[in-house]
$ cat run-v4.cif   # mmCIF, N, CA and C atoms
data_input
#
loop_
_atom_site.group_PDB
_atom_site.id
_atom_site.type_symbol
_atom_site.label_atom_id
_atom_site.label_comp_id
_atom_site.auth_asym_id
_atom_site.auth_seq_id
_atom_site.Cartn_x
_atom_site.Cartn_y
_atom_site.Cartn_z
ATOM 1 N N ALA Y 1 5.178 -18.499 40.759
ATOM 2 C CA ALA Y 1 4.735 -19.051 39.472
ATOM 3 C C ALA Y 1 3.220 -18.978 39.381
ATOM 4 N N MET Y 2 2.744 -18.731 38.170
ATOM 5 C CA MET Y 2 1.295 -18.700 37.968
ATOM 6 C C MET Y 2 0.749 -20.116 37.974
ATOM 7 N N ASP Y 3 -0.389 -20.305 38.622
ATOM 8 C CA ASP Y 3 -0.986 -21.639 38.615
ATOM 9 C C ASP Y 3 -2.356 -21.639 37.953
ATOM 10 N N LYS Y 4 -2.758 -20.488 37.402
ATOM 11 C CA LYS Y 4 -4.058 -20.422 36.742
ATOM 12 C C LYS Y 4 -3.906 -19.867 35.340
ATOM 13 N N ILE Y 5 -4.710 -20.399 34.431
ATOM 14 C CA ILE Y 5 -4.769 -19.870 33.076
ATOM 15 C C ILE Y 5 -5.665 -18.636 33.112
ATOM 16 N N ILE Y 6 -5.202 -17.541 32.523
ATOM 17 C CA ILE Y 6 -5.987 -16.307 32.487
ATOM 18 C C ILE Y 6 -6.669 -16.212 31.126
ATOM 19 N N VAL Y 7 -7.993 -16.046 31.145
ATOM 20 C CA VAL Y 7 -8.771 -15.942 29.912
ATOM 21 C C VAL Y 7 -9.572 -14.647 29.946
ATOM 22 N N GLU Y 8 -9.333 -13.785 28.970
ATOM 23 C CA GLU Y 8 -10.174 -12.599 28.768
ATOM 24 C C GLU Y 8 -10.956 -12.848 27.489
ATOM 25 N N PHE Y 9 -12.267 -12.581 27.531
ATOM 26 C CA PHE Y 9 -13.118 -12.921 26.396
ATOM 27 C C PHE Y 9 -14.262 -11.929 26.319
ATOM 28 N N SER Y 10 -14.501 -11.386 25.122
ATOM 29 C CA SER Y 10 -15.627 -10.472 24.943
ATOM 30 C C SER Y 10 -16.160 -10.607 23.524
ATOM 31 N N VAL Y 11 -17.423 -10.232 23.355
ATOM 32 C CA VAL Y 11 -18.066 -10.229 22.042
ATOM 33 C C VAL Y 11 -18.655 -8.838 21.835
ATOM 34 N N ASN Y 12 -18.216 -8.153 20.776
ATOM 35 C CA ASN Y 12 -18.598 -6.753 20.536
ATOM 36 C C ASN Y 12 -18.387 -5.901 21.788
ATOM 37 N N GLY Y 13 -17.341 -6.206 22.537
ATOM 38 C CA GLY Y 13 -17.019 -5.431 23.730
ATOM 39 C C GLY Y 13 -17.799 -5.827 24.969
ATOM 40 N N HIS Y 14 -18.714 -6.783 24.849
ATOM 41 C CA HIS Y 14 -19.497 -7.221 26.011
ATOM 42 C C HIS Y 14 -18.768 -8.362 26.715
ATOM 43 N N PRO Y 15 -18.654 -8.289 28.046
ATOM 44 C CA PRO Y 15 -17.850 -9.266 28.780
ATOM 45 C C PRO Y 15 -18.558 -10.609 28.943
ATOM 46 N N MET Y 16 -17.814 -11.577 29.448
ATOM 47 C CA MET Y 16 -18.364 -12.898 29.741
ATOM 48 C C MET Y 16 -19.608 -12.766 30.611
ATOM 49 N N GLY Y 17 -20.615 -13.569 30.298
ATOM 50 C CA GLY Y 17 -21.851 -13.556 31.067
ATOM 51 C C GLY Y 17 -22.882 -12.571 30.553
ATOM 52 N N ALA Y 18 -22.490 -11.693 29.616
ATOM 53 C CA ALA Y 18 -23.400 -10.659 29.120
ATOM 54 C C ALA Y 18 -24.347 -11.228 28.074
ATOM 55 N N GLU Y 19 -25.448 -10.508 27.878
ATOM 56 C CA GLU Y 19 -26.377 -10.788 26.785
ATOM 57 C C GLU Y 19 -26.682 -9.455 26.126
ATOM 58 N N PHE Y 20 -26.647 -9.410 24.780
ATOM 59 C CA PHE Y 20 -26.878 -8.135 24.109
ATOM 60 C C PHE Y 20 -27.500 -8.358 22.742
ATOM 61 N N GLU Y 21 -28.000 -7.274 22.160
ATOM 62 C CA GLU Y 21 -28.614 -7.301 20.828
ATOM 63 C C GLU Y 21 -27.571 -6.885 19.794
ATOM 64 N N ALA Y 22 -27.596 -7.535 18.640
ATOM 65 C CA ALA Y 22 -26.697 -7.178 17.544
ATOM 66 C C ALA Y 22 -27.481 -7.204 16.239
ATOM 67 N N THR Y 23 -27.002 -6.444 15.265
ATOM 68 C CA THR Y 23 -27.676 -6.422 13.970
ATOM 69 C C THR Y 23 -26.801 -6.973 12.857
ATOM 70 N N GLY Y 24 -25.505 -6.978 13.043
ATOM 71 C CA GLY Y 24 -24.614 -7.418 11.971
ATOM 72 C C GLY Y 24 -23.553 -8.359 12.486
ATOM 73 N N PRO Y 25 -22.390 -8.355 11.835
ATOM 74 C CA PRO Y 25 -21.291 -9.230 12.252
ATOM 75 C C PRO Y 25 -20.886 -8.965 13.701
ATOM 76 N N VAL Y 26 -20.380 -9.982 14.356
ATOM 77 C CA VAL Y 26 -19.910 -9.796 15.730
ATOM 78 C C VAL Y 26 -18.415 -10.071 15.788
ATOM 79 N N ASP Y 27 -17.725 -9.280 16.613
ATOM 80 C CA ASP Y 27 -16.282 -9.422 16.795
ATOM 81 C C ASP Y 27 -16.003 -10.083 18.131
ATOM 82 N N VAL Y 28 -15.349 -11.223 18.060
ATOM 83 C CA VAL Y 28 -14.956 -11.971 19.247
ATOM 84 C C VAL Y 28 -13.510 -11.614 19.548
ATOM 85 N N ARG Y 29 -13.250 -11.136 20.765
ATOM 86 C CA ARG Y 29 -11.879 -10.795 21.163
ATOM 87 C C ARG Y 29 -11.488 -11.670 22.337
ATOM 88 N N ALA Y 30 -10.249 -12.137 22.302
ATOM 89 C CA ALA Y 30 -9.793 -12.983 23.396
ATOM 90 C C ALA Y 30 -8.313 -12.767 23.647
ATOM 91 N N LYS Y 31 -7.949 -12.925 24.909
ATOM 92 C CA LYS Y 31 -6.545 -12.928 25.317
ATOM 93 C C LYS Y 31 -6.390 -14.067 26.312
ATOM 94 N N VAL Y 32 -5.381 -14.890 26.082
ATOM 95 C CA VAL Y 32 -5.130 -16.032 26.957
ATOM 96 C C VAL Y 32 -3.686 -15.971 27.421
ATOM 97 N N ILE Y 33 -3.475 -16.131 28.710
ATOM 98 C CA ILE Y 33 -2.126 -16.282 29.269
ATOM 99 C C ILE Y 33 -2.110 -17.628 29.972
ATOM 100 N N GLY Y 34 -1.373 -18.559 29.412
ATOM 101 C CA GLY Y 34 -1.351 -19.912 29.947
ATOM 102 C C GLY Y 34 -0.253 -20.107 30.977
ATOM 103 N N THR Y 35 -0.293 -21.261 31.610
ATOM 104 C CA THR Y 35 0.783 -21.658 32.518
ATOM 105 C C THR Y 35 1.822 -22.484 31.759
ATOM 106 N N ALA Y 36 1.509 -22.806 30.508
ATOM 107 C CA ALA Y 36 2.411 -23.509 29.593
ATOM 108 C C ALA Y 36 2.023 -23.065 28.184
ATOM 109 N N LYS Y 37 2.711 -23.581 27.174
ATOM 110 C CA LYS Y 37 2.372 -23.211 25.797
ATOM 111 C C LYS Y 37 0.959 -23.674 25.457
ATOM 112 N N LEU Y 38 0.279 -22.858 24.642
ATOM 113 C CA LEU Y 38 -1.103 -23.141 24.266
ATOM 114 C C LEU Y 38 -1.129 -24.018 23.017
ATOM 115 N N ALA Y 39 -1.741 -25.185 23.137
ATOM 116 C CA ALA Y 39 -1.836 -26.100 21.995
ATOM 117 C C ALA Y 39 -2.957 -25.688 21.057
ATOM 118 N N ALA Y 40 -4.097 -25.271 21.623
ATOM 119 C CA ALA Y 40 -5.248 -24.886 20.794
ATOM 120 C C ALA Y 40 -6.086 -23.855 21.516
ATOM 121 N N VAL Y 41 -6.521 -22.852 20.761
ATOM 122 C CA VAL Y 41 -7.475 -21.861 21.265
ATOM 123 C C VAL Y 41 -8.620 -21.854 20.262
ATOM 124 N N GLN Y 42 -9.837 -22.076 20.756
ATOM 125 C CA GLN Y 42 -10.978 -22.256 19.863
ATOM 126 C C GLN Y 42 -12.148 -21.385 20.285
ATOM 127 N N VAL Y 43 -12.801 -20.781 19.290
ATOM 128 C CA VAL Y 43 -14.052 -20.066 19.533
ATOM 129 C C VAL Y 43 -15.188 -21.033 19.238
ATOM 130 N N VAL Y 44 -16.090 -21.167 20.207
ATOM 131 C CA VAL Y 44 -17.237 -22.058 20.068
ATOM 132 C C VAL Y 44 -18.497 -21.203 19.953
ATOM 133 N N LYS Y 45 -19.319 -21.507 18.947
ATOM 134 C CA LYS Y 45 -20.609 -20.832 18.766
ATOM 135 C C LYS Y 45 -21.683 -21.912 18.720
ATOM 136 N N ASN Y 46 -22.615 -21.841 19.657
ATOM 137 C CA ASN Y 46 -23.708 -22.823 19.691
ATOM 138 C C ASN Y 46 -23.186 -24.259 19.589
ATOM 139 N N ASN Y 47 -22.140 -24.544 20.365
ATOM 140 C CA ASN Y 47 -21.552 -25.889 20.457
ATOM 141 C C ASN Y 47 -20.800 -26.340 19.208
ATOM 142 N N ARG Y 48 -20.478 -25.405 18.291
ATOM 143 C CA ARG Y 48 -19.671 -25.756 17.127
ATOM 144 C C ARG Y 48 -18.428 -24.879 17.097
ATOM 145 N N PHE Y 49 -17.289 -25.484 16.742
ATOM 146 C CA PHE Y 49 -16.057 -24.706 16.617
ATOM 147 C C PHE Y 49 -16.149 -23.866 15.353
ATOM 148 N N ILE Y 50 -16.007 -22.542 15.497
ATOM 149 C CA ILE Y 50 -16.027 -21.684 14.308
ATOM 150 C C ILE Y 50 -14.649 -21.093 14.022
ATOM 151 N N TYR Y 51 -13.724 -21.216 14.963
ATOM 152 C CA TYR Y 51 -12.364 -20.714 14.750
ATOM 153 C C TYR Y 51 -11.427 -21.510 15.639
ATOM 154 N N THR Y 52 -10.349 -22.020 15.045
ATOM 155 C CA THR Y 52 -9.340 -22.762 15.800
ATOM 156 C C THR Y 52 -7.968 -22.253 15.398
ATOM 157 N N THR Y 53 -7.127 -22.028 16.385
ATOM 158 C CA THR Y 53 -5.749 -21.656 16.102
ATOM 159 C C THR Y 53 -4.846 -22.412 17.067
ATOM 160 N N GLU Y 54 -3.608 -22.629 16.662
ATOM 161 C CA GLU Y 54 -2.647 -23.374 17.480
ATOM 162 C C GLU Y 54 -1.460 -22.462 17.764
ATOM 163 N N PRO Y 55 -1.561 -21.657 18.822
ATOM 164 C CA PRO Y 55 -0.555 -20.609 19.047
ATOM 165 C C PRO Y 55 0.858 -21.121 19.282
ATOM 166 N N GLY Y 56 1.027 -22.198 20.062
ATOM 167 C CA GLY Y 56 2.360 -22.692 20.371
ATOM 168 C C GLY Y 56 3.174 -21.759 21.247
ATOM 169 N N GLN Y 57 2.508 -20.845 21.927
ATOM 170 C CA GLN Y 57 3.181 -19.910 22.841
ATOM 171 C C GLN Y 57 2.292 -19.733 24.067
ATOM 172 N N ARG Y 58 2.844 -19.126 25.108
ATOM 173 C CA ARG Y 58 2.102 -19.007 26.369
ATOM 174 C C ARG Y 58 1.061 -17.907 26.356
ATOM 175 N N GLU Y 59 1.340 -16.817 25.628
ATOM 176 C CA GLU Y 59 0.394 -15.701 25.580
ATOM 177 C C GLU Y 59 -0.100 -15.542 24.157
ATOM 178 N N PHE Y 60 -1.404 -15.314 24.037
ATOM 179 C CA PHE Y 60 -1.985 -15.184 22.701
ATOM 180 C C PHE Y 60 -3.192 -14.269 22.772
ATOM 181 N N GLU Y 61 -3.300 -13.395 21.775
ATOM 182 C CA GLU Y 61 -4.400 -12.434 21.726
ATOM 183 C C GLU Y 61 -4.889 -12.369 20.284
ATOM 184 N N PHE Y 62 -6.202 -12.308 20.082
ATOM 185 C CA PHE Y 62 -6.721 -12.266 18.719
ATOM 186 C C PHE Y 62 -8.129 -11.684 18.694
ATOM 187 N N THR Y 63 -8.549 -11.293 17.495
ATOM 188 C CA THR Y 63 -9.932 -10.908 17.226
ATOM 189 C C THR Y 63 -10.423 -11.763 16.070
ATOM 190 N N TYR Y 64 -11.621 -12.293 16.200
ATOM 191 C CA TYR Y 64 -12.236 -13.085 15.136
ATOM 192 C C TYR Y 64 -13.599 -12.489 14.816
ATOM 193 N N ARG Y 65 -13.847 -12.218 13.546
ATOM 194 C CA ARG Y 65 -15.146 -11.662 13.144
ATOM 195 C C ARG Y 65 -16.042 -12.788 12.632
ATOM 196 N N ASP Y 66 -17.204 -12.917 13.259
ATOM 197 C CA ASP Y 66 -18.210 -13.863 12.788
ATOM 198 C C ASP Y 66 -19.177 -13.093 11.898
ATOM 199 N N ALA Y 67 -18.955 -13.179 10.588
ATOM 200 C CA ALA Y 67 -19.794 -12.445 9.642
ATOM 201 C C ALA Y 67 -21.145 -13.131 9.470
ATOM 202 N N ALA Y 68 -21.209 -14.420 9.802
ATOM 203 C CA ALA Y 68 -22.449 -15.186 9.651
ATOM 204 C C ALA Y 68 -23.271 -15.107 10.931
ATOM 205 N N ALA Y 69 -23.672 -13.897 11.276
ATOM 206 C CA ALA Y 69 -24.481 -13.719 12.484
ATOM 207 C C ALA Y 69 -25.811 -14.441 12.280
ATOM 208 N N THR Y 70 -26.118 -15.377 13.173
ATOM 209 C CA THR Y 70 -27.304 -16.210 13.048
ATOM 210 C C THR Y 70 -28.491 -15.513 13.695
ATOM 211 N N GLU Y 71 -29.605 -15.456 12.963
ATOM 212 C CA GLU Y 71 -30.802 -14.836 13.531
ATOM 213 C C GLU Y 71 -31.253 -15.624 14.758
ATOM 214 N N GLY Y 72 -31.714 -14.889 15.755
ATOM 215 C CA GLY Y 72 -32.095 -15.529 17.010
ATOM 216 C C GLY Y 72 -30.979 -15.374 18.027
ATOM 217 N N THR Y 73 -30.971 -16.247 19.020
ATOM 218 C CA THR Y 73 -29.985 -16.159 20.095
ATOM 219 C C THR Y 73 -28.871 -17.170 19.866
ATOM 220 N N SER Y 74 -27.649 -16.693 19.911
ATOM 221 C CA SER Y 74 -26.477 -17.563 19.822
ATOM 222 C C SER Y 74 -25.604 -17.310 21.037
ATOM 223 N N TYR Y 75 -24.801 -18.296 21.401
ATOM 224 C CA TYR Y 75 -23.834 -18.069 22.475
ATOM 225 C C TYR Y 75 -22.444 -18.429 21.977
ATOM 226 N N TYR Y 76 -21.480 -17.681 22.493
ATOM 227 C CA TYR Y 76 -20.078 -17.854 22.127
ATOM 228 C C TYR Y 76 -19.263 -18.074 23.392
ATOM 229 N N TYR Y 77 -18.282 -18.959 23.318
ATOM 230 C CA TYR Y 77 -17.325 -19.057 24.418
ATOM 231 C C TYR Y 77 -15.979 -19.516 23.876
ATOM 232 N N LEU Y 78 -14.963 -19.463 24.717
ATOM 233 C CA LEU Y 78 -13.602 -19.814 24.326
ATOM 234 C C LEU Y 78 -13.201 -21.119 25.000
ATOM 235 N N ARG Y 79 -12.524 -21.971 24.250
ATOM 236 C CA ARG Y 79 -12.012 -23.238 24.779
ATOM 237 C C ARG Y 79 -10.504 -23.239 24.548
ATOM 238 N N VAL Y 80 -9.758 -23.544 25.583
ATOM 239 C CA VAL Y 80 -8.297 -23.490 25.541
ATOM 240 C C VAL Y 80 -7.732 -24.841 25.962
ATOM 241 N N ALA Y 81 -6.755 -25.338 25.215
ATOM 242 C CA ALA Y 81 -6.021 -26.540 25.615
ATOM 243 C C ALA Y 81 -4.531 -26.211 25.593
ATOM 244 N N GLN Y 82 -3.835 -26.612 26.641
ATOM 245 C CA GLN Y 82 -2.388 -26.379 26.716
ATOM 246 C C GLN Y 82 -1.622 -27.595 26.207
ATOM 247 N N GLU Y 83 -0.318 -27.410 26.052
ATOM 248 C CA GLU Y 83 0.538 -28.499 25.576
ATOM 249 C C GLU Y 83 0.940 -29.443 26.704
ATOM 250 N N ASN Y 84 0.622 -29.062 27.955
ATOM 251 C CA ASN Y 84 0.989 -29.948 29.064
ATOM 252 C C ASN Y 84 -0.232 -30.732 29.537
ATOM 253 N N TYR Y 85 0.011 -31.788 30.289
ATOM 254 C CA TYR Y 85 -1.037 -32.748 30.620
ATOM 255 C C TYR Y 85 -1.143 -32.983 32.120
ATOM 256 N N LEU Y 86 -2.348 -33.387 32.521
ATOM 257 C CA LEU Y 86 -2.572 -33.828 33.892
ATOM 258 C C LEU Y 86 -1.994 -35.231 34.044
ATOM 259 N N PRO Y 87 -1.795 -35.686 35.302
ATOM 260 C CA PRO Y 87 -1.258 -37.043 35.504
ATOM 261 C C PRO Y 87 -2.092 -38.129 34.814
ATOM 262 N N ASN Y 88 -3.393 -37.908 34.632
ATOM 263 C CA ASN Y 88 -4.231 -38.930 33.988
ATOM 264 C C ASN Y 88 -4.161 -38.880 32.464
ATOM 265 N N GLY Y 89 -3.338 -37.983 31.924
ATOM 266 C CA GLY Y 89 -3.169 -37.924 30.477
ATOM 267 C C GLY Y 89 -4.076 -36.933 29.771
ATOM 268 N N SER Y 90 -4.961 -36.272 30.517
ATOM 269 C CA SER Y 90 -5.823 -35.256 29.905
ATOM 270 C C SER Y 90 -5.054 -33.953 29.764
ATOM 271 N N PRO Y 91 -5.258 -33.242 28.656
ATOM 272 C CA PRO Y 91 -4.611 -31.938 28.540
ATOM 273 C C PRO Y 91 -5.177 -30.961 29.561
ATOM 274 N N ILE Y 92 -4.370 -29.994 29.953
ATOM 275 C CA ILE Y 92 -4.839 -28.947 30.865
ATOM 276 C C ILE Y 92 -5.648 -27.950 30.044
ATOM 277 N N MET Y 93 -6.891 -27.719 30.482
ATOM 278 C CA MET Y 93 -7.867 -26.966 29.699
ATOM 279 C C MET Y 93 -8.358 -25.746 30.467
ATOM 280 N N ALA Y 94 -8.953 -24.819 29.714
ATOM 281 C CA ALA Y 94 -9.665 -23.691 30.324
ATOM 282 C C ALA Y 94 -10.798 -23.299 29.388
ATOM 283 N N TRP Y 95 -11.852 -22.742 29.975
ATOM 284 C CA TRP Y 95 -12.987 -22.264 29.196
ATOM 285 C C TRP Y 95 -13.368 -20.886 29.698
ATOM 286 N N SER Y 96 -13.900 -20.065 28.806
ATOM 287 C CA SER Y 96 -14.505 -18.813 29.258
ATOM 288 C C SER Y 96 -15.959 -19.099 29.589
ATOM 289 N N SER Y 97 -16.592 -18.151 30.268
ATOM 290 C CA SER Y 97 -18.049 -18.184 30.367
ATOM 291 C C SER Y 97 -18.611 -17.689 29.039
ATOM 292 N N PRO Y 98 -19.846 -18.055 28.716
ATOM 293 C CA PRO Y 98 -20.398 -17.634 27.430
ATOM 294 C C PRO Y 98 -20.883 -16.191 27.407
ATOM 295 N N VAL Y 99 -20.991 -15.667 26.189
ATOM 296 C CA VAL Y 99 -21.667 -14.397 25.918
ATOM 297 C C VAL Y 99 -22.817 -14.724 24.971
ATOM 298 N N TRP Y 100 -24.021 -14.236 25.305
ATOM 299 C CA TRP Y 100 -25.203 -14.491 24.473
ATOM 300 C C TRP Y 100 -25.461 -13.295 23.573
ATOM 301 N N VAL Y 101 -25.753 -13.571 22.298
ATOM 302 C CA VAL Y 101 -26.003 -12.525 21.311
ATOM 303 C C VAL Y 101 -27.377 -12.767 20.690
ATOM 304 N N ASN Y 102 -28.233 -11.761 20.764
ATOM 305 C CA ASN Y 102 -29.550 -11.828 20.124
ATOM 306 C C ASN Y 102 -29.499 -11.030 18.832
ATOM 307 N N VAL Y 103 -29.717 -11.703 17.715
ATOM 308 C CA VAL Y 103 -29.694 -11.051 16.411
ATOM 309 C C VAL Y 103 -31.121 -11.012 15.872
ATOM 310 N N GLY Y 104 -31.630 -9.794 15.664
ATOM 311 C CA GLY Y 104 -32.978 -9.633 15.125
ATOM 312 C C GLY Y 104 -32.970 -9.676 13.615
ATOM 313 N N LYS Y 105 -34.153 -9.743 13.040
ATOM 314 C CA LYS Y 105 -34.270 -9.661 11.578
ATOM 315 C C LYS Y 105 -33.749 -8.301 11.126
ATOM 316 N N SER Y 106 -33.049 -8.270 10.011
ATOM 317 C CA SER Y 106 -32.525 -6.992 9.532
ATOM 318 C C SER Y 106 -33.692 -6.087 9.146
ATOM 319 N N GLY Y 107 -33.575 -4.831 9.501
ATOM 320 C CA GLY Y 107 -34.609 -3.865 9.179
ATOM 321 C C GLY Y 107 -35.645 -3.685 10.268
ATOM 322 N N GLN Y 108 -35.573 -4.473 11.331
ATOM 323 C CA GLN Y 108 -36.538 -4.306 12.428
ATOM 324 C C GLN Y 108 -36.021 -3.322 13.450
#
$ encode --input "run-v4.cif" --output "structure tokens"
Amino acid sequence: AMDKIIVEFSVNGHPMGAEFEATGPVDVRAKVIGTAKLAAVQVVKNNRFIYTTEPGQREFEFTYRDAAATEGTSYYYLRVAQENYLPNGSPIMAWSSPVWVNVGKSGQ
């Protein structure tokens, strides 16, 4: 049996931990394989949820386009909550590492 949640996460094809330059919208891609059904999968940008979905299944894959690319440096990561709980009542969670995106002024 699997005992770890598998999280694949990239932004414009750049893997977790990467930093890159972008000029326009960014595409966030993620694949999650849980050890139980997934209650919530959320994309976080600069500590704010910009996309939330409730898959209700163990495996889930999606692409989310952030058309509101913020000038300057932003970071994105994935937050996952499963439908099952730890003995203390906390949901079983997983996070990706962040990807940093530097967006310059258009035309530079």
$ resolve_selection --input "run-v4.cif" --expression "the PyMOL selection byres (((chain Y and resi 8 and name CA) around 9) and name CA)" --output "mmCIF file with N, CA and C atoms, in the coordinates of the input"
data_model
loop_
_atom_site.group_PDB
_atom_site.id
_atom_site.type_symbol
_atom_site.label_atom_id
_atom_site.label_comp_id
_atom_site.auth_asym_id
_atom_site.auth_seq_id
_atom_site.Cartn_x
_atom_site.Cartn_y
_atom_site.Cartn_z
ATOM 1 N N ILE Y 6 -5.202 -17.541 32.523
ATOM 2 C CA ILE Y 6 -5.987 -16.307 32.487
ATOM 3 C C ILE Y 6 -6.669 -16.212 31.126
ATOM 4 N N VAL Y 7 -7.993 -16.046 31.145
ATOM 5 C CA VAL Y 7 -8.771 -15.942 29.912
ATOM 6 C C VAL Y 7 -9.572 -14.647 29.946
ATOM 7 N N PHE Y 9 -12.267 -12.581 27.531
ATOM 8 C CA PHE Y 9 -13.118 -12.921 26.396
ATOM 9 C C PHE Y 9 -14.262 -11.929 26.319
ATOM 10 N N SER Y 10 -14.501 -11.386 25.122
ATOM 11 C CA SER Y 10 -15.627 -10.472 24.943
ATOM 12 C C SER Y 10 -16.160 -10.607 23.524
ATOM 13 N N PRO Y 15 -18.654 -8.289 28.046
ATOM 14 C CA PRO Y 15 -17.850 -9.266 28.780
ATOM 15 C C PRO Y 15 -18.558 -10.609 28.943
ATOM 16 N N MET Y 16 -17.814 -11.577 29.448
ATOM 17 C CA MET Y 16 -18.364 -12.898 29.741
ATOM 18 C C MET Y 16 -19.608 -12.766 30.611
ATOM 19 N N ARG Y 29 -13.250 -11.136 20.765
ATOM 20 C CA ARG Y 29 -11.879 -10.795 21.163
ATOM 21 C C ARG Y 29 -11.488 -11.670 22.337
ATOM 22 N N ALA Y 30 -10.249 -12.137 22.302
ATOM 23 C CA ALA Y 30 -9.793 -12.983 23.396
ATOM 24 C C ALA Y 30 -8.313 -12.767 23.647
ATOM 25 N N LYS Y 31 -7.949 -12.925 24.909
ATOM 26 C CA LYS Y 31 -6.545 -12.928 25.317
ATOM 27 C C LYS Y 31 -6.390 -14.067 26.312
ATOM 28 N N VAL Y 32 -5.381 -14.890 26.082
ATOM 29 C CA VAL Y 32 -5.130 -16.032 26.957
ATOM 30 C C VAL Y 32 -3.686 -15.971 27.421
ATOM 31 N N ILE Y 33 -3.475 -16.131 28.710
ATOM 32 C CA ILE Y 33 -2.126 -16.282 29.269
ATOM 33 C C ILE Y 33 -2.110 -17.628 29.972
ATOM 34 N N SER Y 96 -13.900 -20.065 28.806
ATOM 35 C CA SER Y 96 -14.505 -18.813 29.258
ATOM 36 C C SER Y 96 -15.959 -19.099 29.589
#
$ closest_residue --input "run-v4.cif" --among "Y:Ile50, Y:Val80, Y:Ala39, Y:Ala18" --to "Trp95 (chain Y)" --atoms "all atoms listed in the file"
Y:Val80
$ atom_distance --input "run-v4.cif" --atom1 "atom N of Asn46 (chain Y)" --atom2 "atom C of Asn88 (chain Y)"
28.2 Å
$ atom_distance --input "run-v4.cif" --atom1 "CA of Arg65 (chain Y)" --atom2 "CA of Val28 (chain Y)"
6.1 Å
$ resolve_selection --input "run-v4.cif" --expression "the PyMOL selection byres ((chain Y and resi 4) around 8)" --output "list in words"
Ala1, Met2, Asp3, Ile5, Ile6, Val7, Ile33, Gly34, Thr35 and Ala36 of chain Y
$ resolve_selection --input "run-v4.cif" --expression "the PyMOL selection byres (((chain Y and resi 44 and name CA) around 12) and name CA)" --output "compact mmCIF listing (two decimals) with N, CA and C atoms, keeping the file's coordinate frame"
# COMPACT_ATOMS: atom_id res chain seq x y z
N PHE Y 9 -12.27 -12.58 27.53
CA PHE Y 9 -13.12 -12.92 26.40
C PHE Y 9 -14.26 -11.93 26.32
N VAL Y 28 -15.35 -11.22 18.06
CA VAL Y 28 -14.96 -11.97 19.25
C VAL Y 28 -13.51 -11.61 19.55
N VAL Y 41 -6.52 -22.85 20.76
CA VAL Y 41 -7.48 -21.86 21.26
C VAL Y 41 -8.62 -21.85 20.26
N GLN Y 42 -9.84 -22.08 20.76
CA GLN Y 42 -10.98 -22.26 19.86
C GLN Y 42 -12.15 -21.38 20.28
N VAL Y 43 -12.80 -20.78 19.29
CA VAL Y 43 -14.05 -20.07 19.53
C VAL Y 43 -15.19 -21.03 19.24
N LYS Y 45 -19.32 -21.51 18.95
CA LYS Y 45 -20.61 -20.83 18.77
C LYS Y 45 -21.68 -21.91 18.72
N ASN Y 46 -22.62 -21.84 19.66
CA ASN Y 46 -23.71 -22.82 19.69
C ASN Y 46 -23.19 -24.26 19.59
N ASN Y 47 -22.14 -24.54 20.36
CA ASN Y 47 -21.55 -25.89 20.46
C ASN Y 47 -20.80 -26.34 19.21
N ARG Y 48 -20.48 -25.40 18.29
CA ARG Y 48 -19.67 -25.76 17.13
C ARG Y 48 -18.43 -24.88 17.10
N PHE Y 49 -17.29 -25.48 16.74
CA PHE Y 49 -16.06 -24.71 16.62
C PHE Y 49 -16.15 -23.87 15.35
N ILE Y 50 -16.01 -22.54 15.50
CA ILE Y 50 -16.03 -21.68 14.31
C ILE Y 50 -14.65 -21.09 14.02
N TYR Y 51 -13.72 -21.22 14.96
CA TYR Y 51 -12.36 -20.71 14.75
C TYR Y 51 -11.43 -21.51 15.64
N THR Y 52 -10.35 -22.02 15.04
CA THR Y 52 -9.34 -22.76 15.80
C THR Y 52 -7.97 -22.25 15.40
N TYR Y 64 -11.62 -12.29 16.20
CA TYR Y 64 -12.24 -13.08 15.14
C TYR Y 64 -13.60 -12.49 14.82
N ASP Y 66 -17.20 -12.92 13.26
CA ASP Y 66 -18.21 -13.86 12.79
C ASP Y 66 -19.18 -13.09 11.90
N SER Y 74 -27.65 -16.69 19.91
CA SER Y 74 -26.48 -17.56 19.82
C SER Y 74 -25.60 -17.31 21.04
N TYR Y 75 -24.80 -18.30 21.40
CA TYR Y 75 -23.83 -18.07 22.48
C TYR Y 75 -22.44 -18.43 21.98
N TYR Y 76 -21.48 -17.68 22.49
CA TYR Y 76 -20.08 -17.85 22.13
C TYR Y 76 -19.26 -18.07 23.39
N TYR Y 77 -18.28 -18.96 23.32
CA TYR Y 77 -17.32 -19.06 24.42
C TYR Y 77 -15.98 -19.52 23.88
N LEU Y 78 -14.96 -19.46 24.72
CA LEU Y 78 -13.60 -19.81 24.33
C LEU Y 78 -13.20 -21.12 25.00
N ARG Y 79 -12.52 -21.97 24.25
CA ARG Y 79 -12.01 -23.24 24.78
C ARG Y 79 -10.50 -23.24 24.55
N VAL Y 80 -9.76 -23.54 25.58
CA VAL Y 80 -8.30 -23.49 25.54
C VAL Y 80 -7.73 -24.84 25.96
N TRP Y 95 -11.85 -22.74 29.98
CA TRP Y 95 -12.99 -22.26 29.20
C TRP Y 95 -13.37 -20.89 29.70
N SER Y 96 -13.90 -20.07 28.81
CA SER Y 96 -14.50 -18.81 29.26
C SER Y 96 -15.96 -19.10 29.59
N SER Y 97 -16.59 -18.15 30.27
CA SER Y 97 -18.05 -18.18 30.37
C SER Y 97 -18.61 -17.69 29.04
N PRO Y 98 -19.85 -18.06 28.72
CA PRO Y 98 -20.40 -17.63 27.43
C PRO Y 98 -20.88 -16.19 27.41
N VAL Y 99 -20.99 -15.67 26.19
CA VAL Y 99 -21.67 -14.40 25.92
C VAL Y 99 -22.82 -14.72 24.97
N TRP Y 100 -24.02 -14.24 25.30
CA TRP Y 100 -25.20 -14.49 24.47
C TRP Y 100 -25.46 -13.30 23.57
